[in-house]
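To start, the structure under review is shown below, and the notes come after it.
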Amino acid sequence: MSNPIPIINLADALQPGAPCSVEVAQAIRAASMASGFFYVRNHGVPPEVVARQFDLARQVMALPLSTRQALNVYASPGMRGFEIEGSQTLDASARPDVKESFQCGMDYPDDHPYVRAGYHFYGHNQWPAEMPELPAQCNAYIQRMLGLTRRLMELMALSLGLPENYFEHTGHSPMVTLRMIRYPAHPEGADERTFGAGAHTDWGAITVLAQDAYGGLEVQTPEGDWVPATPIEGCFVVNLGDMIPRWTNGLYHSNPHRVRNVHSRGMPRYSIPFFYDLDYLARIEAVPGTVPPGEQPRFAPCTAGEHLLQMYRTTYGTAAKAV
Ligand SMILES: O=C(O)CCC(=O)C(=O)O
Ligand SMILES: [Fe+2]
C-alpha cells in the first residue's frame with residue numbers, strides 16, 4: 001500500500017518569509033485537514049544529532065531498574081524521569097502500554113514566575129547520576145526541536161491565512177517534553193488489546209517524532225483505517241495534538257495513532273517524540289476564520305496548562321492526581 005501520509009519538504013521554508021513558505025503552508029493545511037500527520041524532510045536537524053539522541057536513548061533505558069525506579073515519574077511534580085513498563089494506559093479500553101521511557105523537559109529557573117506559582121510541568125528534571133552529560137545533551141536536542149516546532153507553528157499560522165507570527169505569544173515559556181521510549185518486543189501470544197502504545201491522540205500542539213528503522217507506528221485515517229507510518233530516512237513524523245483542533249474549531253485534526261513493536265524480529269524499538277505544548281497560560285480558542293458566521297465555536301476556551309493536566313490525570317491514573 002502506498003503511504004498516505006504526505007512528505008513535506010521544508011528546505012525553502014525554514015526561515016520566516018522564505019520563498020516557499022506559502023506553498024509549504026498549503027501542504028500543511030491539506031495534511032492537517034486530513035489526518036493531522038505528515039513527514040518533514042530537509043528540516044534542518046543534522047542526521048548525526050538524531051543518531052546521537054538514539055544512542056542516548058539506548059544508554060538511558062539500559063540503566064539498572066533500581067535507578068529507573070528511584071527516578072520514576074511519580075516522584076516528580078512535572079512527571080519527569082523514568083516511566084516503568086505498565087505505568088501508562090494510553091487507550092483506556094486496552095491493556096497497560098508495553099513500553100518504558102525517560103522523559104525530560106526544560107529546566108526553568110527557580111525564580112521563573114511559573115515555577116514559583118507551582119504550575120504543573122514547570123518542575124525540575126530528574127537526571128540519572130550515571131550519565132553526567134545527559135542534561136546538556138538532552139537540552140541541546142530540545143533546543144533544536146524547539147526551533148523546528150516554532151517554525152512549524154509559523155507555517156501553521158500561514159496555513160490558516162493568519163500572520164506568520166500569530167502564535168508567537170503562545171510560546172513564551174512553553175511546556176515541552178522530550179521522551180525517549182523503548183518498546184520491548186511485542187509479547188508472544190499477546191491478545192488484540194495489547195499495544196506498545198495504545199490508540200491515543202496527542203494532547204499538545206505539535207509532536208515531532210524520530211523513530212528507528214523498525215516501524216510499528218500506525219495512524220488512523222479519516223476513514224477509520226489504520227495505516228503504517230513507515231520510517232523514512234532523514235524524515236521526522238509530525239503530528240498535531242488536540243490543542244490544534246480546539247484552535248481551529250475542528251478544521252485541523254489530531255488523529256489517533258498506536259504502536260505495536262511487531263516488525264523488529266524480537267529487538268526493542270526506540271522512538272523519540274518531542275512534544276511542544278505551548279505556554280501554560282496560552283489561551284486556546286477558535287482562531288479568526290474558523291467558526292462559520294452565525295455558528296458557535298465547537299470547543300470551550302481553555303488554557304494549554306488546564307488541558308494538558310487533565311490528559312495526564314486520565315492516562316496515568318490516580319498516582320498522577322497526587323502531583
Ligand atoms: O513511538 C512512537 O512511534 C509514537 C509514540 C507516541 O505516539 C507518543 O509517545 O505519544
Ligand atoms: Fe502519540
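By order in the C-alpha cells, chains are A, B, ...; within a chain, residues start at 1; ligands start at 1, following the order shown.
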Residues flagged strand (DSSP E) by DSSP in range 52-221 of chain A, as a JSON list (two decimals) with N, CA and C atoms, in the first residue's frame:
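And here is the file that came out, states.json:
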[["chain", "number", "residue", "atom", "x", "y", "z"],
["A", 81, "GLY", "N", 11.33, 12.05, 34.42],
["A", 81, "GLY", "CA", 12.08, 10.89, 34.89],
["A", 81, "GLY", "C", 11.69, 9.65, 34.13],
["A", 82, "PHE", "N", 11.73, 8.51, 34.80],
["A", 82, "PHE", "CA", 11.51, 7.23, 34.12],
["A", 82, "PHE", "C", 10.07, 6.77, 34.28],
["A", 83, "GLU", "N", 9.55, 6.31, 33.18],
["A", 83, "GLU", "CA", 8.26, 5.63, 33.20],
["A", 83, "GLU", "C", 8.57, 4.14, 33.14],
["A", 100, "GLU", "N", 8.53, 1.55, 27.94],
["A", 100, "GLU", "CA", 9.14, 2.26, 29.08],
["A", 100, "GLU", "C", 9.88, 3.44, 28.51],
["A", 101, "SER", "N", 10.04, 4.48, 29.31],
["A", 101, "SER", "CA", 10.64, 5.68, 28.73],
["A", 101, "SER", "C", 11.35, 6.51, 29.79],
["A", 102, "PHE", "N", 12.12, 7.46, 29.26],
["A", 102, "PHE", "CA", 12.69, 8.51, 30.10],
["A", 102, "PHE", "C", 12.19, 9.82, 29.52],
["A", 103, "GLN", "N", 11.69, 10.68, 30.35],
["A", 103, "GLN", "CA", 11.24, 11.96, 29.82],
["A", 103, "GLN", "C", 11.79, 13.14, 30.61],
["A", 104, "CYS", "N", 12.10, 14.17, 29.86],
["A", 104, "CYS", "CA", 12.64, 15.39, 30.48],
["A", 104, "CYS", "C", 12.07, 16.59, 29.74],
["A", 174, "PRO", "N", 7.27, 27.72, 27.04],
["A", 174, "PRO", "CA", 6.46, 26.55, 26.68],
["A", 174, "PRO", "C", 6.68, 25.35, 27.58],
["A", 175, "MET", "N", 5.65, 24.52, 27.66],
["A", 175, "MET", "CA", 5.78, 23.19, 28.26],
["A", 175, "MET", "C", 6.30, 22.30, 27.13],
["A", 176, "VAL", "N", 7.41, 21.67, 27.34],
["A", 176, "VAL", "CA", 7.90, 20.74, 26.32],
["A", 176, "VAL", "C", 8.31, 19.44, 27.02],
["A", 177, "THR", "N", 8.12, 18.35, 26.32],
["A", 177, "THR", "CA", 8.57, 17.05, 26.84],
["A", 177, "THR", "C", 9.35, 16.32, 25.77],
["A", 178, "LEU", "N", 10.55, 15.94, 26.12],
["A", 178, "LEU", "CA", 11.36, 15.08, 25.26],
["A", 178, "LEU", "C", 11.29, 13.69, 25.88],
["A", 179, "ARG", "N", 10.85, 12.74, 25.07],
["A", 179, "ARG", "CA", 10.63, 11.40, 25.59],
["A", 179, "ARG", "C", 11.47, 10.42, 24.79],
["A", 180, "MET", "N", 12.20, 9.56, 25.47],
["A", 180, "MET", "CA", 12.96, 8.52, 24.78],
["A", 180, "MET", "C", 12.32, 7.21, 25.18],
["A", 181, "ILE", "N", 11.70, 6.55, 24.20],
["A", 181, "ILE", "CA", 10.88, 5.37, 24.51],
["A", 181, "ILE", "C", 11.56, 4.10, 24.03],
["A", 182, "ARG", "N", 11.47, 3.08, 24.85],
["A", 182, "ARG", "CA", 11.92, 1.73, 24.47],
["A", 182, "ARG", "C", 10.69, 0.83, 24.49],
["A", 183, "TYR", "N", 10.43, 0.22, 23.35],
["A", 183, "TYR", "CA", 9.34, -0.77, 23.27],
["A", 183, "TYR", "C", 9.98, -2.15, 23.24],
["A", 197, "ALA", "N", 2.00, 1.21, 22.56],
["A", 197, "ALA", "CA", 1.31, 2.44, 22.95],
["A", 197, "ALA", "C", -0.11, 2.30, 22.41],
["A", 198, "GLY", "N", -1.08, 2.28, 23.31],
["A", 198, "GLY", "CA", -2.47, 2.12, 22.89],
["A", 198, "GLY", "C", -2.94, 3.32, 22.08],
["A", 199, "ALA", "N", -4.01, 3.11, 21.32],
["A", 199, "ALA", "CA", -4.51, 4.18, 20.45],
["A", 199, "ALA", "C", -4.80, 5.44, 21.26],
["A", 200, "HIS", "N", -4.29, 6.53, 20.79],
["A", 200, "HIS", "CA", -4.47, 7.81, 21.50],
["A", 200, "HIS", "C", -4.26, 8.95, 20.53],
["A", 206, "ILE", "N", 2.10, 20.38, 18.87],
["A", 206, "ILE", "CA", 2.80, 19.70, 17.78],
["A", 206, "ILE", "C", 3.74, 18.66, 18.36],
["A", 207, "THR", "N", 3.75, 17.48, 17.77],
["A", 207, "THR", "CA", 4.72, 16.44, 18.14],
["A", 207, "THR", "C", 5.65, 16.21, 16.96],
["A", 208, "VAL", "N", 6.95, 16.16, 17.25],
["A", 208, "VAL", "CA", 7.94, 15.81, 16.22],
["A", 208, "VAL", "C", 8.59, 14.50, 16.67],
["A", 209, "LEU", "N", 8.40, 13.46, 15.87],
["A", 209, "LEU", "CA", 8.82, 12.12, 16.27],
["A", 209, "LEU", "C", 9.97, 11.61, 15.41],
["A", 210, "ALA", "N", 11.03, 11.19, 16.10],
["A", 210, "ALA", "CA", 12.10, 10.45, 15.42],
["A", 210, "ALA", "C", 11.86, 8.98, 15.77],
["A", 211, "GLN", "N", 11.88, 8.12, 14.77],
["A", 211, "GLN", "CA", 11.68, 6.69, 15.06],
["A", 211, "GLN", "C", 12.82, 5.92, 14.42],
["A", 217, "LEU", "N", 4.57, 2.11, 14.18],
["A", 217, "LEU", "CA", 3.59, 3.17, 14.43],
["A", 217, "LEU", "C", 2.50, 3.10, 13.36],
["A", 218, "GLU", "N", 1.27, 3.18, 13.78],
["A", 218, "GLU", "CA", 0.13, 3.19, 12.85],
["A", 218, "GLU", "C", -0.75, 4.40, 13.14],
["A", 219, "VAL", "N", -1.32, 4.92, 12.07],
["A", 219, "VAL", "CA", -2.13, 6.14, 12.18],
["A", 219, "VAL", "C", -3.52, 5.84, 11.63],
["A", 220, "GLN", "N", -4.52, 6.38, 12.30],
["A", 220, "GLN", "CA", -5.89, 6.18, 11.80],
["A", 220, "GLN", "C", -6.23, 7.26, 10.78]]
| said: As a quick test: using only C-alpha atoms and all ligand atoms, which residues lie no more than 9 Å away from ligand 2? Give them as a list in words. | reply: Leu90, Ala197, Ala199, His200, Thr201, Asp202, Trp203, Thr207, Leu209, Asn239, Gly241, Pro256, His257, Arg258, Val259, Pro273 and Phe275 of chain A
Would you save the residues of that selection, restricted to all heavy atoms, as a compact mmCIF listing (two decimals), in the first residue's frame?
# COMPACT_ATOMS: atom_id res chain seq x y z
N LEU A 90 -2.55 4.36 27.51
CA LEU A 90 -2.99 5.44 26.62
C LEU A 90 -4.40 5.18 26.07
O LEU A 90 -5.13 6.11 25.79
CB LEU A 90 -1.98 5.60 25.47
CG LEU A 90 -0.76 6.45 25.81
CD1 LEU A 90 0.34 6.26 24.77
CD2 LEU A 90 -1.10 7.93 25.93
N ALA A 197 2.00 1.21 22.56
CA ALA A 197 1.31 2.44 22.95
C ALA A 197 -0.11 2.30 22.41
O ALA A 197 -0.31 2.17 21.20
CB ALA A 197 1.99 3.68 22.35
N ALA A 199 -4.01 3.11 21.32
CA ALA A 199 -4.51 4.18 20.45
C ALA A 199 -4.80 5.44 21.26
O ALA A 199 -5.46 5.39 22.30
CB ALA A 199 -5.78 3.69 19.75
N HIS A 200 -4.29 6.53 20.79
CA HIS A 200 -4.47 7.81 21.50
C HIS A 200 -4.26 8.95 20.53
O HIS A 200 -3.67 8.76 19.47
CB HIS A 200 -3.44 7.93 22.64
CG HIS A 200 -2.04 8.04 22.12
ND1 HIS A 200 -1.33 6.96 21.64
CD2 HIS A 200 -1.22 9.12 21.96
CE1 HIS A 200 -0.15 7.35 21.23
NE2 HIS A 200 -0.05 8.66 21.40
N THR A 201 -4.72 10.11 20.90
CA THR A 201 -4.31 11.32 20.21
C THR A 201 -3.29 12.01 21.11
O THR A 201 -3.30 11.81 22.33
CB THR A 201 -5.50 12.27 19.96
OG1 THR A 201 -6.10 12.55 21.24
CG2 THR A 201 -6.55 11.63 19.06
N ASP A 202 -2.41 12.81 20.53
CA ASP A 202 -1.51 13.59 21.38
C ASP A 202 -2.28 14.78 21.91
O ASP A 202 -3.28 15.20 21.35
CB ASP A 202 -0.25 14.00 20.60
CG ASP A 202 0.66 12.80 20.36
OD1 ASP A 202 0.38 11.71 20.89
OD2 ASP A 202 1.67 12.97 19.65
N TRP A 203 -1.80 15.33 23.00
CA TRP A 203 -2.63 16.29 23.73
C TRP A 203 -2.21 17.75 23.51
O TRP A 203 -2.96 18.67 23.79
CB TRP A 203 -2.55 15.99 25.23
CG TRP A 203 -2.65 14.55 25.53
CD1 TRP A 203 -3.46 13.65 24.88
CD2 TRP A 203 -1.93 13.81 26.52
NE1 TRP A 203 -3.30 12.41 25.42
CE2 TRP A 203 -2.37 12.47 26.43
CE3 TRP A 203 -0.99 14.16 27.48
CZ2 TRP A 203 -1.87 11.48 27.27
CZ3 TRP A 203 -0.50 13.17 28.31
CH2 TRP A 203 -0.94 11.84 28.20
N THR A 207 3.75 17.48 17.77
CA THR A 207 4.72 16.44 18.14
C THR A 207 5.65 16.21 16.96
O THR A 207 5.19 16.10 15.82
CB THR A 207 3.99 15.11 18.47
OG1 THR A 207 3.01 15.35 19.47
CG2 THR A 207 4.98 14.06 18.97
N LEU A 209 8.40 13.46 15.87
CA LEU A 209 8.82 12.12 16.27
C LEU A 209 9.97 11.61 15.41
O LEU A 209 9.88 11.59 14.19
CB LEU A 209 7.63 11.16 16.11
CG LEU A 209 7.96 9.68 16.35
CD1 LEU A 209 7.93 9.36 17.83
CD2 LEU A 209 7.00 8.77 15.61
N ASN A 239 2.99 15.28 14.00
CA ASN A 239 1.54 15.16 14.13
C ASN A 239 1.00 16.22 15.06
O ASN A 239 1.69 16.73 15.93
CB ASN A 239 1.13 13.75 14.57
CG ASN A 239 1.59 13.36 15.95
OD1 ASN A 239 2.77 13.14 16.18
ND2 ASN A 239 0.65 13.28 16.87
N GLY A 241 -1.44 17.79 17.90
CA GLY A 241 -2.09 17.39 19.14
C GLY A 241 -3.45 18.07 19.27
O GLY A 241 -3.82 18.93 18.47
N PRO A 256 -5.98 9.61 15.97
CA PRO A 256 -5.42 8.56 16.83
C PRO A 256 -4.27 7.84 16.14
O PRO A 256 -4.23 7.70 14.92
CB PRO A 256 -6.60 7.60 17.03
CG PRO A 256 -7.83 8.40 16.72
CD PRO A 256 -7.40 9.39 15.67
N HIS A 257 -3.37 7.37 16.95
CA HIS A 257 -2.26 6.54 16.47
C HIS A 257 -1.92 5.55 17.58
O HIS A 257 -2.33 5.73 18.74
CB HIS A 257 -1.06 7.40 16.06
CG HIS A 257 -0.67 8.44 17.05
ND1 HIS A 257 -1.38 9.60 17.27
CD2 HIS A 257 0.38 8.49 17.92
CE1 HIS A 257 -0.79 10.31 18.20
NE2 HIS A 257 0.27 9.65 18.62
N ARG A 258 -1.17 4.52 17.23
CA ARG A 258 -0.86 3.46 18.18
C ARG A 258 0.42 2.77 17.72
O ARG A 258 0.85 2.95 16.56
CB ARG A 258 -2.02 2.46 18.26
CG ARG A 258 -2.22 1.72 16.94
CD ARG A 258 -3.46 0.83 16.93
NE ARG A 258 -3.50 0.03 15.71
CZ ARG A 258 -4.54 -0.70 15.33
NH1 ARG A 258 -5.64 -0.72 16.07
NH2 ARG A 258 -4.49 -1.42 14.23
N VAL A 259 1.01 2.02 18.62
CA VAL A 259 2.28 1.34 18.29
C VAL A 259 2.19 -0.12 18.72
O VAL A 259 1.72 -0.42 19.81
CB VAL A 259 3.47 2.01 19.04
CG1 VAL A 259 4.77 1.26 18.75
CG2 VAL A 259 3.61 3.48 18.66
N PRO A 273 9.81 10.97 20.68
CA PRO A 273 8.91 12.08 20.40
C PRO A 273 9.28 13.33 21.20
O PRO A 273 9.73 13.22 22.35
CB PRO A 273 7.53 11.55 20.83
CG PRO A 273 7.79 10.41 21.75
CD PRO A 273 9.21 9.96 21.57
N PHE A 275 7.34 16.74 22.35
CA PHE A 275 6.01 17.34 22.44
C PHE A 275 6.13 18.83 22.73
O PHE A 275 6.72 19.21 23.76
CB PHE A 275 5.19 16.68 23.55
CG PHE A 275 5.06 15.18 23.41
CD1 PHE A 275 5.91 14.33 24.10
CD2 PHE A 275 4.09 14.63 22.59
CE1 PHE A 275 5.79 12.95 23.98
CE2 PHE A 275 3.96 13.25 22.46
CZ PHE A 275 4.82 12.41 23.16
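Omitting His186 in chain A and its sequence neighbours fewer than 6 positions away, and counting only C-alpha atoms, the residues within 7 Å are Arg260, Asn261 and Val262 of chain A.
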Pick out each residue of range 104-255 of chain A that DSSP on the backbone tags as alpha helix (DSSP H); I need them as an MDAnalysis selection string. chainID A and resid 113:116 134:159 243:247
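If you measure from each of A:Leu71, A:Val238, A:Val49, A:Ala129 to ligand 1 using only C-alpha atoms and all ligand atoms, the closest one turns out to be A:Val238.
When CA of Gly266 in chain A is paired with CA of Gly215 in chain A, their separation reads 12.8 Å.
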Counting only C-alpha atoms and all ligand atoms, closest pick from A:Pro109, A:Pro163, A:Gly196, A:Pro268 relative to ligand 1 is A:Gly196
With distances taken over only C-alpha atoms and all ligand atoms, the candidate from A:Arg246, A:His112, A:Arg29, A:Arg269 nearest ligand 1 is A:Arg269
Tell me, as an mmCIF file with N, CA and C atoms, in the first residue's frame, which residues lie within 9 Å of Gly86 in chain A, counting only C-alpha atoms; anything in the same chain fewer than 4 positions away does not count.
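Final output, part-v6.cif:
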data_model
loop_
_atom_site.group_PDB
_atom_site.id
_atom_site.type_symbol
_atom_site.label_atom_id
_atom_site.label_comp_id
_atom_site.auth_asym_id
_atom_site.auth_seq_id
_atom_site.Cartn_x
_atom_site.Cartn_y
_atom_site.Cartn_z
ATOM 1 N N ARG A 95 -4.909 -2.901 27.331
ATOM 2 C CA ARG A 95 -4.062 -3.215 28.485
ATOM 3 C C ARG A 95 -3.030 -2.098 28.665
ATOM 4 N N PRO A 96 -2.372 -2.038 29.834
ATOM 5 C CA PRO A 96 -1.318 -1.027 30.017
ATOM 6 C C PRO A 96 -0.257 -1.143 28.909
ATOM 7 N N ASP A 97 0.288 -0.007 28.506
ATOM 8 C CA ASP A 97 1.240 0.024 27.384
ATOM 9 C C ASP A 97 2.496 -0.806 27.673
ATOM 10 N N VAL A 98 2.943 -1.537 26.646
ATOM 11 C CA VAL A 98 4.184 -2.311 26.753
ATOM 12 C C VAL A 98 5.332 -1.409 26.283
ATOM 13 N N LYS A 99 5.653 -0.432 27.117
ATOM 14 C CA LYS A 99 6.737 0.481 26.762
ATOM 15 C C LYS A 99 7.329 1.036 28.040
ATOM 16 N N GLU A 100 8.526 1.552 27.939
ATOM 17 C CA GLU A 100 9.138 2.256 29.078
ATOM 18 C C GLU A 100 9.884 3.444 28.508
#
As a check of understanding: the span from CA of Val237 in chain A to CA of Arg41 in chain A is 9.2 Å
Shortest contact to Pro187 in chain A, candidates A:Leu146, A:Ala27, A:Ile244, A:Met267, atoms counted only C-alpha atoms, goes to A:Met267
If you count only C-alpha atoms, the residue of A:Glu48, A:Asp279, A:Glu285, A:Glu133 closest to Leu308 in chain A turns out to be A:Asp279
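One distance worth recording is that between CA of Ala25 in chain A and CA of Thr230 in chain A, which is 23.2 Å.
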#### Entry: Polymer residues at most 9 Å from Leu278 in chain A, only C-alpha atoms, same-chain spacing of 2 or more positions, as a list in words
Thr170, Gly171, His172, Ser173, Pro174, Met175, Val176, Gly204, Ala205, Tyr276, Tyr280, Leu281, Ala282, Ala304 and Gly305 of chain A
